[in-house]
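These notes concern the structure reproduced below.
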2 protein chains.
Amino acid sequence: MQRTEISAYGEFGLIKHLTEKFKLENSSTLKGVGDDAAVLSYENKKVLVTTDLLLEGIHFDLVYVPIMHLGYKAAVVNFSDIYAMNGEPKQITVSIGVSKRFSVEDLELLYAGIQLACTKYGVDLIGGDTSASLTGLAISITCIGEADADKIVYRNGAKENDLVCVTGDLGSAYMGLQLLEREKAVFAGNEEVQPDFEEKDYILKRQLKPEARQDIILRLREKGIQPTSMIDISDGLSSELLHICTQSDVGCRIYEDKIPINYQAVVMAEELNMNIVTAALNGGEDYELLFTVPLEDYDKMIAMEGVAIVGHITKSALGLQLVGREGEEIELRAQGWNSLED
Amino acid sequence: MQRTEISAYGEFGLIKHLTEKFKLENSSTLKGVGDDAAVLSYENKKVLVTTDLLLEGIHFDLVYVPIMHLGYKAAVVNFSDIYAMNGEPKQITVSIGVSKRFSVEDLELLYAGIQLACTKYGVDLIGGDTSASLTGLAISITCIGEADADKIVYRNGAKENDLVCVTGDLGSAYMGLQLLEREKAVFAGNEEVQPDFEEKDYILKRQLKPEARQDIILRLREKGIQPTSMIDISDGLSSELLHICTQSDVGCRIYEDKIPINYQAVVMAEELNMNIVTAALNGGEDYELLFTVPLEDYDKMIAMEGVAIVGHITKSALGLQLVGREGEEIELRAQGWNSLED
């Protein structure tokens, strides 16, 4: 494969080269890359802003993450935060720091992944920054989105008796990560062994190429359902429930047998002798939505594809309870993924 | 000095601890830190967005940059980009990646610097991200600002015969950096030597604690002057002139003896046997404004404190010419600071 050194381009040449294939599609984007700042117009909508910093060795491992997938995921996880406000992502800025290990071709793949995500979700790339790095790859993305003032959903609106809903399934992304880590360790021991990914495609995809739940946001709107609180599940169900319950000053009861779990994730957990419910509660990176709706929406929610009702909101004094398969109660704590604590 | 390990806080605890002293002051900020995204309202204004990624060892050296100054500067350089659009900065997000070398007290100082800048320039901290880093400190800041649609100034509006104006003085920040690098080298050779910073306070301040030219933007507005093009001088005058001339499809004539240079910078350049004009043209990090105004504004500009008229805009075919003290013409090229090329 061809390798073009980054130094063959200047800083401005490189930004131009990497971003010139991106077209501006949204009417709210007045000016994108190429000036001191981008210019946007949000006259009839509120502006949502979220940001993420991803560092090599902490948030991703390029030994098993294809760099194009990394670009896709880095963009999508930011879109997910905007959907979690019941908004629509419209623009992103992408800043990267790259060491000499990376070639222009590597960065082209990274931006191809970002572009794929932008095209799929209808988002414009409007700016960014490119610089050298002493140590690997750093990616910082800021996403800007829009929402109607009266449709924005915060974390603090859950009310007693509301239904607690979860989209998709939980724990799969974490089991995909465990699989990749196992195969990396096996490969390190014997480089002739080829990784064994048979019937593991779903959990791998969940880890390497997650999607944001735009579809659910659109479906809720179609059905006229306005969640009372919402958050995306990036750190595990426990951690996100804690955010919602703390900020809403409520408690919750979650039923273990209602937590949606995929079959491949169950099989993987068994292979690795892990508890799949623990993975669902604390695993992280699912990028599903956790939200609450008034009890009156029960019939609509039951009929909605891709959403599971996992419990209900209680008084604050009752705390966060997980009801096990035998009816036993366990208090939920956020263990989450805490990259600062290892 | 007390040292609290970052691991004493969780990720969310740390963000809360570092940001809870920040108050939201702007009416356009509806919701700051604490949800999936911040919520802003920009109904009667356009939204400006700019972003910067700063990496330890590439963009700053903590051997001689106090971490509080670093926080201040990291924020201010983003504000400068918003002023360069003739806008006003209103919100920032701050994401940091930190290695175990850093204590909570270090980060408190970093955020104290950011807060000082936010207070001075009237900007709200609305979000961010905190994570571990394998290798030092990474800071990513996105700044959001506002402008009236008809007041925004791009890089592409310069017209033949426009006056080319520069604020403050150029080259001082670069000479401050050279001084700090020299003293670092001396210190490395003999740790008992104390740095010699006498009568160098101005150039040090220009390097360590630059200001953004809010004052000039306000003064231009008061005087009813609308620049035809504008950019902030972060990479040196040559590089910024090239951006304006390329994007406006014009040339320029700049007079060497009109370029504003501070006395301390001249003395420092002599001490180091460097050419101060080269430093002004290519040094970078001045964060002054370069702008063009119609010739009719000549009288107003001449009377304006803190601004120098350094030349005028010509036809594109005439290129970018620097006219030396003896009348000789030199073609300007952007050498700039290119952190990708070393």
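Residues in the structure tokens are named by chain (A, B, ... in the order shown) and by number from 1 within that chain; ligands are numbered from 1 in the order shown.
Residues from chain A found within 6 Å of chain B are Ser7, Asp36, Ala37, Ala38, Val39, Leu40, Ser41, Glu43, Lys46, Val47, Leu48, Val49, Thr50, Thr51, Asp52, Asp81, Gly128, Asp129, Ser131, Ala132, Ser339, Leu340 and Glu341 of chain A, counting only C-alpha atoms.
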Take the selection from the previous step and output its residues with N, CA and C atoms, as a PDB file, in the first residue's frame.
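Written out: selection-v4.pdb:
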```pdb
ATOM      1  N   SER A   7       4.074  15.059   6.164  1.00  0.00           N
ATOM      2  CA  SER A   7       4.886  16.256   5.922  1.00  0.00           C
ATOM      3  C   SER A   7       4.855  16.675   4.445  1.00  0.00           C
ATOM      4  N   ASP A  36     -11.784  31.745  10.032  1.00  0.00           N
ATOM      5  CA  ASP A  36     -11.428  31.645  11.444  1.00  0.00           C
ATOM      6  C   ASP A  36     -12.464  30.846  12.223  1.00  0.00           C
ATOM      7  N   ALA A  37     -13.701  30.881  11.771  1.00  0.00           N
ATOM      8  CA  ALA A  37     -14.774  30.133  12.429  1.00  0.00           C
ATOM      9  C   ALA A  37     -15.815  29.773  11.368  1.00  0.00           C
ATOM     10  N   ALA A  38     -16.566  28.729  11.642  1.00  0.00           N
ATOM     11  CA  ALA A  38     -17.707  28.389  10.784  1.00  0.00           C
ATOM     12  C   ALA A  38     -18.877  29.290  11.161  1.00  0.00           C
ATOM     13  N   VAL A  39     -19.823  29.455  10.238  1.00  0.00           N
ATOM     14  CA  VAL A  39     -20.991  30.302  10.496  1.00  0.00           C
ATOM     15  C   VAL A  39     -22.265  29.479  10.305  1.00  0.00           C
ATOM     16  N   LEU A  40     -23.124  29.484  11.327  1.00  0.00           N
ATOM     17  CA  LEU A  40     -24.355  28.699  11.311  1.00  0.00           C
ATOM     18  C   LEU A  40     -25.551  29.597  11.578  1.00  0.00           C
ATOM     19  N   SER A  41     -26.704  29.141  11.129  1.00  0.00           N
ATOM     20  CA  SER A  41     -27.927  29.897  11.360  1.00  0.00           C
ATOM     21  C   SER A  41     -28.961  29.005  12.043  1.00  0.00           C
ATOM     22  N   GLU A  43     -32.128  30.119  13.592  1.00  0.00           N
ATOM     23  CA  GLU A  43     -33.081  31.137  14.023  1.00  0.00           C
ATOM     24  C   GLU A  43     -34.330  30.597  14.696  1.00  0.00           C
ATOM     25  N   LYS A  46     -33.373  25.697  18.847  1.00  0.00           N
ATOM     26  CA  LYS A  46     -32.317  25.803  19.836  1.00  0.00           C
ATOM     27  C   LYS A  46     -31.087  25.062  19.318  1.00  0.00           C
ATOM     28  N   VAL A  47     -29.923  25.448  19.825  1.00  0.00           N
ATOM     29  CA  VAL A  47     -28.650  24.873  19.399  1.00  0.00           C
ATOM     30  C   VAL A  47     -28.163  23.896  20.474  1.00  0.00           C
ATOM     31  N   LEU A  48     -27.848  22.680  20.080  1.00  0.00           N
ATOM     32  CA  LEU A  48     -27.302  21.692  21.007  1.00  0.00           C
ATOM     33  C   LEU A  48     -25.810  21.526  20.722  1.00  0.00           C
ATOM     34  N   VAL A  49     -25.007  21.406  21.759  1.00  0.00           N
ATOM     35  CA  VAL A  49     -23.559  21.263  21.583  1.00  0.00           C
ATOM     36  C   VAL A  49     -23.036  20.152  22.477  1.00  0.00           C
ATOM     37  N   THR A  50     -22.281  19.221  21.898  1.00  0.00           N
ATOM     38  CA  THR A  50     -21.656  18.162  22.687  1.00  0.00           C
ATOM     39  C   THR A  50     -20.264  17.915  22.145  1.00  0.00           C
ATOM     40  N   THR A  51     -19.375  17.399  22.977  1.00  0.00           N
ATOM     41  CA  THR A  51     -17.986  17.225  22.546  1.00  0.00           C
ATOM     42  C   THR A  51     -17.370  15.996  23.187  1.00  0.00           C
ATOM     43  N   ASP A  52     -16.398  15.413  22.510  1.00  0.00           N
ATOM     44  CA  ASP A  52     -15.734  14.183  22.935  1.00  0.00           C
ATOM     45  C   ASP A  52     -14.264  14.228  22.545  1.00  0.00           C
ATOM     46  N   ASP A  81     -25.255  11.608  21.360  1.00  0.00           N
ATOM     47  CA  ASP A  81     -25.508  12.581  22.442  1.00  0.00           C
ATOM     48  C   ASP A  81     -26.570  13.601  22.037  1.00  0.00           C
ATOM     49  N   GLY A 128     -12.259  22.330  12.005  1.00  0.00           N
ATOM     50  CA  GLY A 128     -11.380  21.462  12.768  1.00  0.00           C
ATOM     51  C   GLY A 128      -9.973  21.967  12.726  1.00  0.00           C
ATOM     52  N   ASP A 129      -9.080  21.109  13.101  1.00  0.00           N
ATOM     53  CA  ASP A 129      -7.719  21.500  13.379  1.00  0.00           C
ATOM     54  C   ASP A 129      -6.896  20.238  13.152  1.00  0.00           C
ATOM     55  N   SER A 131      -2.921  18.752  13.758  1.00  0.00           N
ATOM     56  CA  SER A 131      -1.606  19.071  14.279  1.00  0.00           C
ATOM     57  C   SER A 131      -0.804  17.808  14.482  1.00  0.00           C
ATOM     58  N   ALA A 132       0.477  18.000  14.728  1.00  0.00           N
ATOM     59  CA  ALA A 132       1.335  16.874  15.068  1.00  0.00           C
ATOM     60  C   ALA A 132       1.030  16.413  16.486  1.00  0.00           C
ATOM     61  N   SER A 339     -12.443   5.626  32.646  1.00  0.00           N
ATOM     62  CA  SER A 339     -11.080   5.586  32.118  1.00  0.00           C
ATOM     63  C   SER A 339     -10.108   6.372  32.995  1.00  0.00           C
ATOM     64  N   LEU A 340     -10.634   7.079  33.967  1.00  0.00           N
ATOM     65  CA  LEU A 340      -9.726   7.788  34.882  1.00  0.00           C
ATOM     66  C   LEU A 340      -9.295   6.917  36.044  1.00  0.00           C
ATOM     67  N   GLU A 341      -9.968   5.809  36.236  1.00  0.00           N
ATOM     68  CA  GLU A 341      -9.734   5.074  37.478  1.00  0.00           C
ATOM     69  C   GLU A 341      -8.829   3.866  37.356  1.00  0.00           C
TER      70      GLU A 341
END
```
Chain A in the frame of chain B after Cα least-squares fit, as a short mmCIF file (atom, residue, chain, number, x, y, z; two decimals) with C-alpha atoms, in the first residue's frame:
```
data_model
loop_
_atom_site.label_atom_id
_atom_site.label_comp_id
_atom_site.auth_asym_id
_atom_site.auth_seq_id
_atom_site.Cartn_x
_atom_site.Cartn_y
_atom_site.Cartn_z
CA MET A 1 1.94 21.72 48.05
CA GLN A 2 -0.92 19.31 48.48
CA ARG A 3 -1.30 16.63 45.84
CA THR A 4 -4.65 14.94 45.31
CA GLU A 5 -4.61 12.09 42.81
CA ILE A 6 -7.14 12.39 40.00
CA SER A 7 -8.32 8.87 40.79
CA ALA A 8 -9.74 10.26 44.07
CA TYR A 9 -12.56 11.64 41.93
CA GLY A 10 -14.49 9.62 39.36
CA GLU A 11 -14.82 11.04 35.84
CA PHE A 12 -18.14 12.73 36.60
CA GLY A 13 -16.97 13.85 40.03
CA LEU A 14 -13.90 15.45 38.50
CA ILE A 15 -15.84 17.34 35.82
CA LYS A 16 -18.26 18.57 38.45
CA HIS A 17 -15.45 19.61 40.79
CA LEU A 18 -13.60 21.51 38.07
CA THR A 19 -16.62 23.24 36.56
CA GLU A 20 -18.91 23.99 39.50
CA LYS A 21 -17.32 27.39 40.14
CA PHE A 22 -18.23 28.56 36.65
CA LYS A 23 -21.46 30.54 36.52
CA LEU A 24 -23.57 30.90 33.39
CA GLU A 25 -23.94 34.57 32.49
CA ASN A 26 -25.09 34.79 28.88
CA SER A 27 -28.74 34.85 27.89
CA SER A 28 -27.93 32.59 24.93
CA THR A 29 -26.84 29.81 27.32
CA LEU A 30 -29.95 27.82 28.30
CA LYS A 31 -28.20 24.74 29.74
CA GLY A 32 -24.51 24.19 30.42
CA VAL A 33 -22.57 21.23 31.84
CA GLY A 34 -24.52 18.18 33.03
CA ASP A 35 -26.59 16.66 30.24
CA ASP A 36 -25.83 14.85 26.97
CA ALA A 37 -25.43 18.23 25.27
CA ALA A 38 -25.56 21.91 26.16
CA VAL A 39 -28.53 23.94 24.92
CA LEU A 40 -28.12 27.41 23.39
CA SER A 41 -30.47 29.95 21.89
CA TYR A 42 -29.31 32.06 18.93
CA GLU A 43 -32.56 33.29 17.45
CA ASN A 44 -31.53 36.72 16.20
CA LYS A 45 -27.85 36.08 15.62
CA LYS A 46 -25.70 33.82 13.51
CA VAL A 47 -23.68 31.16 15.34
CA LEU A 48 -19.89 31.10 15.00
CA VAL A 49 -17.93 27.93 15.81
CA THR A 50 -14.17 27.45 16.10
CA THR A 51 -12.04 24.73 17.66
CA ASP A 52 -8.45 24.08 18.71
CA LEU A 53 -6.55 21.03 19.90
CA LEU A 54 -3.46 21.64 22.05
CA LEU A 55 -1.04 18.82 22.81
CA GLU A 56 1.76 18.85 25.35
CA GLY A 57 5.19 18.77 23.73
CA ILE A 58 3.80 20.17 20.46
CA HIS A 59 1.91 23.32 21.40
CA PHE A 60 3.15 23.98 24.91
CA ASP A 61 6.00 23.08 27.26
CA LEU A 62 5.06 22.89 30.93
CA VAL A 63 8.72 23.34 31.89
CA TYR A 64 8.24 27.07 31.46
CA VAL A 65 4.52 27.60 30.94
CA PRO A 66 2.63 27.90 34.25
CA ILE A 67 -0.44 25.68 33.94
CA MET A 68 -2.83 28.50 34.91
CA HIS A 69 -1.43 30.63 32.10
CA LEU A 70 -1.89 27.70 29.76
CA GLY A 71 -5.58 27.54 30.66
CA TYR A 72 -5.96 31.26 30.09
CA LYS A 73 -4.17 31.17 26.74
CA ALA A 74 -6.00 28.06 25.50
CA ALA A 75 -9.30 29.87 26.02
CA VAL A 76 -8.19 33.26 24.69
CA VAL A 77 -6.80 31.94 21.40
CA ASN A 78 -10.25 30.54 20.65
CA PHE A 79 -11.93 33.83 21.53
CA SER A 80 -9.50 35.48 19.12
CA ASP A 81 -10.85 33.37 16.22
CA ILE A 82 -14.40 34.55 16.99
CA TYR A 83 -13.36 38.22 17.14
CA ALA A 84 -11.62 37.69 13.80
CA MET A 85 -15.09 37.03 12.32
CA ASN A 86 -16.25 40.33 13.91
CA GLY A 87 -18.23 38.29 16.40
CA GLU A 88 -18.42 37.91 20.16
CA PRO A 89 -17.44 34.67 21.92
CA LYS A 90 -20.23 33.43 24.19
CA GLN A 91 -19.61 29.78 25.11
CA ILE A 92 -16.78 27.25 25.25
CA THR A 93 -16.49 23.53 25.78
CA VAL A 94 -13.25 22.24 27.28
CA SER A 95 -12.10 18.63 26.97
CA ILE A 96 -8.91 17.45 28.62
CA GLY A 97 -6.88 14.27 28.57
CA VAL A 98 -4.52 13.97 31.55
CA SER A 99 -1.82 11.50 32.50
CA LYS A 100 -1.14 10.40 36.09
CA ARG A 101 1.62 12.99 36.32
CA PHE A 102 -1.09 15.60 36.92
CA SER A 103 -2.83 16.14 40.24
CA VAL A 104 -6.28 17.55 40.92
CA GLU A 105 -4.51 20.74 42.08
CA ASP A 106 -2.84 21.07 38.65
CA LEU A 107 -6.22 20.82 36.96
CA GLU A 108 -7.72 23.32 39.38
CA LEU A 109 -5.07 25.80 38.26
CA LEU A 110 -5.71 25.01 34.60
CA TYR A 111 -9.43 25.66 35.08
CA ALA A 112 -8.72 28.77 37.17
CA GLY A 113 -6.91 30.17 34.14
CA ILE A 114 -9.80 29.21 31.86
CA GLN A 115 -12.24 30.82 34.29
CA LEU A 116 -10.22 34.03 34.44
CA ALA A 117 -10.36 34.25 30.65
CA CYS A 118 -14.09 33.43 30.59
CA THR A 119 -14.87 36.10 33.17
CA LYS A 120 -12.78 38.74 31.42
CA TYR A 121 -14.31 38.09 27.99
CA GLY A 122 -17.85 37.26 29.12
CA VAL A 123 -17.87 33.62 28.02
CA ASP A 124 -19.72 30.67 29.61
CA LEU A 125 -18.20 27.20 30.04
CA ILE A 126 -20.96 24.88 28.84
CA GLY A 127 -19.47 21.42 28.58
CA GLY A 128 -16.55 19.15 27.94
CA ASP A 129 -15.02 15.84 28.60
CA THR A 130 -12.35 14.57 30.97
CA SER A 131 -10.35 11.45 30.34
CA ALA A 132 -7.09 9.74 31.07
CA SER A 133 -4.15 10.13 28.72
CA LEU A 134 -1.10 7.91 28.37
CA THR A 135 1.20 10.80 27.66
CA GLY A 136 0.80 14.20 29.18
CA LEU A 137 -1.87 16.80 28.71
CA ALA A 138 -4.25 17.28 25.78
CA ILE A 139 -6.67 20.22 25.71
CA SER A 140 -9.42 20.59 23.15
CA ILE A 141 -11.52 23.75 23.20
CA THR A 142 -14.48 24.63 21.02
CA CYS A 143 -15.74 28.19 21.15
CA ILE A 144 -19.19 29.33 20.07
CA GLY A 145 -19.93 32.96 19.40
CA GLU A 146 -22.51 35.26 17.90
CA ALA A 147 -22.60 37.87 15.18
CA ASP A 148 -25.17 39.81 13.21
CA ALA A 149 -25.53 38.32 9.75
CA ASP A 150 -24.59 41.57 8.02
CA LYS A 151 -21.57 42.24 10.26
CA ILE A 152 -19.66 38.97 9.83
CA VAL A 153 -16.25 39.51 8.24
CA TYR A 154 -14.70 36.71 6.22
CA ARG A 155 -11.23 36.34 4.76
CA ASN A 156 -12.45 36.72 1.21
CA GLY A 157 -13.72 40.32 1.03
CA ALA A 158 -10.53 42.37 0.52
CA LYS A 159 -10.72 44.71 -2.51
CA GLU A 160 -8.09 46.55 -4.53
CA ASN A 161 -7.01 49.80 -2.80
CA ASP A 162 -8.26 48.68 0.62
CA LEU A 163 -5.98 49.58 3.50
CA VAL A 164 -4.20 46.72 5.26
CA CYS A 165 -4.30 47.19 9.05
CA VAL A 166 -2.63 45.39 11.94
CA THR A 167 -3.41 45.77 15.66
CA GLY A 168 -0.86 45.91 18.48
CA ASP A 169 2.63 44.75 17.56
CA LEU A 170 4.02 41.65 15.92
CA GLY A 171 6.88 39.29 16.73
CA SER A 172 6.84 39.84 20.50
CA ALA A 173 5.21 36.51 21.35
CA TYR A 174 7.80 34.73 19.22
CA MET A 175 10.68 36.57 20.90
CA GLY A 176 9.14 35.69 24.28
CA LEU A 177 9.21 32.05 23.23
CA GLN A 178 12.85 32.33 22.13
CA LEU A 179 13.73 33.81 25.51
CA LEU A 180 11.97 31.01 27.39
CA GLU A 181 13.67 28.39 25.23
CA ARG A 182 17.07 29.99 25.87
CA GLU A 183 16.56 30.10 29.62
CA LYS A 184 15.35 26.51 29.59
CA ALA A 185 18.56 25.45 27.82
CA VAL A 186 20.71 27.47 30.25
CA PHE A 187 18.84 25.98 33.21
CA ALA A 188 19.32 22.47 31.84
CA GLY A 189 23.09 23.09 31.79
CA ASN A 190 23.30 24.59 35.27
CA GLU A 191 20.38 24.26 37.63
CA GLU A 192 21.71 26.95 39.96
CA VAL A 193 21.41 29.69 37.39
CA GLN A 194 18.23 31.71 37.78
CA PRO A 195 16.54 32.82 34.57
CA ASP A 196 17.30 36.37 33.45
CA PHE A 197 13.97 38.03 32.66
CA GLU A 198 14.81 41.65 33.46
CA GLU A 199 13.10 44.16 31.15
CA LYS A 200 11.61 41.27 29.25
CA ASP A 201 8.21 41.33 30.95
CA TYR A 202 6.33 42.50 27.86
CA ILE A 203 7.54 39.80 25.48
CA LEU A 204 7.04 37.14 28.16
CA LYS A 205 3.49 38.28 28.74
CA ARG A 206 2.83 38.23 25.01
CA GLN A 207 3.93 34.59 24.88
CA LEU A 208 2.47 33.34 28.15
CA LYS A 209 -0.69 35.39 28.56
CA PRO A 210 -1.87 36.77 25.23
CA GLU A 211 -5.09 38.74 24.96
CA ALA A 212 -7.71 38.67 22.20
CA ARG A 213 -8.55 42.02 20.61
CA GLN A 214 -12.11 42.46 21.82
CA ASP A 215 -11.25 46.15 22.34
CA ILE A 216 -10.53 46.66 18.65
CA ILE A 217 -13.73 44.94 17.56
CA LEU A 218 -15.72 47.24 19.86
CA ARG A 219 -13.82 50.31 18.65
CA LEU A 220 -14.40 49.49 14.98
CA ARG A 221 -18.10 49.11 15.71
CA GLU A 222 -18.23 52.43 17.60
CA LYS A 223 -16.58 54.21 14.71
CA GLY A 224 -18.90 52.57 12.20
CA ILE A 225 -16.08 50.80 10.38
CA GLN A 226 -16.91 47.48 8.73
CA PRO A 227 -13.70 45.66 7.67
CA THR A 228 -13.83 44.05 4.23
CA SER A 229 -11.75 41.07 5.40
CA MET A 230 -10.23 39.95 8.69
CA ILE A 231 -8.16 37.16 10.26
CA ASP A 232 -6.31 36.76 13.52
CA ILE A 233 -2.53 36.55 13.41
CA SER A 234 -1.73 33.18 14.89
CA ASP A 235 0.84 31.92 12.35
CA GLY A 236 2.66 35.14 11.44
CA LEU A 237 1.76 38.09 9.23
CA SER A 238 2.96 36.45 5.99
CA SER A 239 0.82 33.38 6.43
CA GLU A 240 -2.30 35.41 7.29
CA LEU A 241 -1.77 37.84 4.39
CA LEU A 242 -1.54 34.85 2.10
CA HIS A 243 -4.88 33.54 3.41
CA ILE A 244 -6.59 36.87 2.84
CA CYS A 245 -5.04 37.50 -0.58
CA THR A 246 -5.70 33.97 -1.82
CA GLN A 247 -9.30 33.88 -0.62
CA SER A 248 -9.99 37.45 -1.80
CA ASP A 249 -8.12 36.93 -5.09
CA VAL A 250 -6.01 40.06 -4.60
CA GLY A 251 -2.39 41.01 -3.98
CA CYS A 252 -0.89 43.41 -1.44
CA ARG A 253 1.98 45.80 -0.80
CA ILE A 254 3.22 45.86 2.79
CA TYR A 255 5.80 48.40 4.00
CA GLU A 256 8.46 46.97 6.31
CA ASP A 257 8.84 50.22 8.24
CA LYS A 258 5.11 50.29 8.99
CA ILE A 259 5.04 46.89 10.71
CA PRO A 260 4.49 47.60 14.42
CA ILE A 261 7.27 46.15 16.55
CA ASN A 262 7.84 46.52 20.29
CA TYR A 263 11.16 47.77 21.67
CA GLN A 264 11.68 44.76 23.97
CA ALA A 265 11.24 42.45 21.01
CA VAL A 266 13.87 44.40 19.05
CA VAL A 267 16.35 44.17 21.94
CA MET A 268 15.69 40.44 22.37
CA ALA A 269 16.19 39.81 18.66
CA GLU A 270 19.50 41.65 18.78
CA GLU A 271 20.63 39.63 21.80
CA LEU A 272 19.81 36.42 19.97
CA ASN A 273 21.19 37.64 16.67
CA MET A 274 17.83 37.18 14.96
CA ASN A 275 15.97 39.36 12.48
CA ILE A 276 12.98 40.93 14.20
CA VAL A 277 11.13 41.56 10.92
CA THR A 278 11.37 37.88 10.10
CA ALA A 279 9.95 37.15 13.56
CA ALA A 280 7.08 39.57 12.91
CA LEU A 281 6.37 38.04 9.50
CA ASN A 282 6.68 34.38 10.44
CA GLY A 283 6.77 34.13 14.22
CA GLY A 284 3.19 33.41 15.14
CA GLU A 285 1.11 33.46 18.33
CA ASP A 286 0.63 37.23 18.38
CA TYR A 287 -3.18 36.89 18.28
CA GLU A 288 -3.45 40.39 16.86
CA LEU A 289 -5.96 41.16 14.11
CA LEU A 290 -5.10 41.68 10.46
CA PHE A 291 -7.89 43.35 8.51
CA THR A 292 -8.64 45.45 5.47
CA VAL A 293 -10.88 48.53 5.28
CA PRO A 294 -11.99 50.67 2.33
CA LEU A 295 -9.66 53.57 1.50
CA GLU A 296 -12.45 56.00 2.48
CA ASP A 297 -11.90 54.98 6.12
CA TYR A 298 -8.31 56.28 6.05
CA ASP A 299 -8.95 59.25 8.36
CA LYS A 300 -10.83 57.15 10.89
CA MET A 301 -8.13 54.46 10.87
CA ILE A 302 -5.26 56.92 11.27
CA ALA A 303 -6.97 58.29 14.36
CA MET A 304 -7.56 54.89 15.92
CA GLU A 305 -5.30 53.92 18.76
CA GLY A 306 -3.67 50.50 18.68
CA VAL A 307 -3.97 50.02 14.93
CA ALA A 308 -1.25 50.48 12.28
CA ILE A 309 -1.84 50.80 8.54
CA VAL A 310 0.89 48.61 7.07
CA GLY A 311 0.06 48.67 3.38
CA HIS A 312 -2.68 48.29 0.81
CA ILE A 313 -4.41 45.73 -1.35
CA THR A 314 -3.42 45.44 -5.04
CA LYS A 315 -4.48 43.41 -8.05
CA SER A 316 -3.92 39.69 -7.73
CA ALA A 317 -1.33 39.67 -10.52
CA LEU A 318 0.97 41.89 -8.49
CA GLY A 319 1.37 39.23 -5.79
CA LEU A 320 2.31 39.79 -2.16
CA GLN A 321 5.10 42.36 -1.94
CA LEU A 322 7.07 43.50 1.08
CA VAL A 323 8.67 46.89 0.45
CA GLY A 324 11.92 47.12 2.45
CA ARG A 325 13.42 50.17 4.15
CA GLU A 326 15.52 50.93 1.09
CA GLY A 327 12.56 50.56 -1.24
CA GLU A 328 13.54 47.06 -2.35
CA GLU A 329 10.69 44.61 -3.01
CA ILE A 330 10.60 41.12 -1.57
CA GLU A 331 7.92 38.57 -2.36
CA LEU A 332 6.17 37.38 0.79
CA ARG A 333 5.76 33.69 1.37
CA ALA A 334 4.03 31.97 4.20
CA GLN A 335 6.53 30.15 6.30
CA GLY A 336 4.39 30.28 9.38
CA TRP A 337 4.60 27.93 12.21
CA ASN A 338 3.88 24.55 10.93
CA SER A 339 3.81 22.01 13.67
CA LEU A 340 3.34 19.26 11.12
CA GLU A 341 6.56 19.95 9.32
CA ASP A 342 9.25 19.57 11.90
#
```
Q: Any chance you could list, as a ChimeraX atom specification, the residues in stretch 7-95 of chain B that come up strand (DSSP E or B) when DSSP is run on the backbone?
A: /B:29-31,38-41,46-56,60,88-95
DSSP-assigned helix (DSSP H, G or I) members of stretch 49-139 of chain B, reported as a tab-separated table (two decimals) with C-alpha atoms, in the first residue's frame:
```tsv
chain	number	residue	atom	x	y	z
B	67	ILE	CA	-0.45	25.67	33.93
B	68	MET	CA	-2.83	28.49	34.91
B	69	HIS	CA	-1.43	30.62	32.09
B	70	LEU	CA	-1.90	27.68	29.76
B	71	GLY	CA	-5.58	27.53	30.64
B	72	TYR	CA	-5.96	31.25	30.09
B	73	LYS	CA	-4.16	31.15	26.74
B	74	ALA	CA	-6.00	28.05	25.50
B	75	ALA	CA	-9.30	29.85	26.01
B	76	VAL	CA	-8.19	33.25	24.69
B	77	VAL	CA	-6.79	31.93	21.40
B	78	ASN	CA	-10.25	30.53	20.64
B	79	PHE	CA	-11.93	33.82	21.52
B	80	SER	CA	-9.49	35.48	19.11
B	81	ASP	CA	-10.86	33.37	16.23
B	82	ILE	CA	-14.40	34.54	16.99
B	83	TYR	CA	-13.37	38.22	17.14
B	104	VAL	CA	-6.29	17.56	40.92
B	105	GLU	CA	-4.53	20.74	42.08
B	106	ASP	CA	-2.84	21.07	38.66
B	107	LEU	CA	-6.22	20.82	36.95
B	108	GLU	CA	-7.73	23.31	39.38
B	109	LEU	CA	-5.08	25.79	38.27
B	110	LEU	CA	-5.71	25.01	34.60
B	111	TYR	CA	-9.43	25.65	35.09
B	112	ALA	CA	-8.73	28.76	37.17
B	113	GLY	CA	-6.91	30.15	34.13
B	114	ILE	CA	-9.80	29.20	31.87
B	115	GLN	CA	-12.24	30.81	34.31
B	116	LEU	CA	-10.21	34.02	34.45
B	117	ALA	CA	-10.36	34.23	30.64
B	118	CYS	CA	-14.08	33.41	30.60
B	119	THR	CA	-14.86	36.08	33.17
B	120	LYS	CA	-12.77	38.72	31.42
B	121	TYR	CA	-14.31	38.06	27.99
```
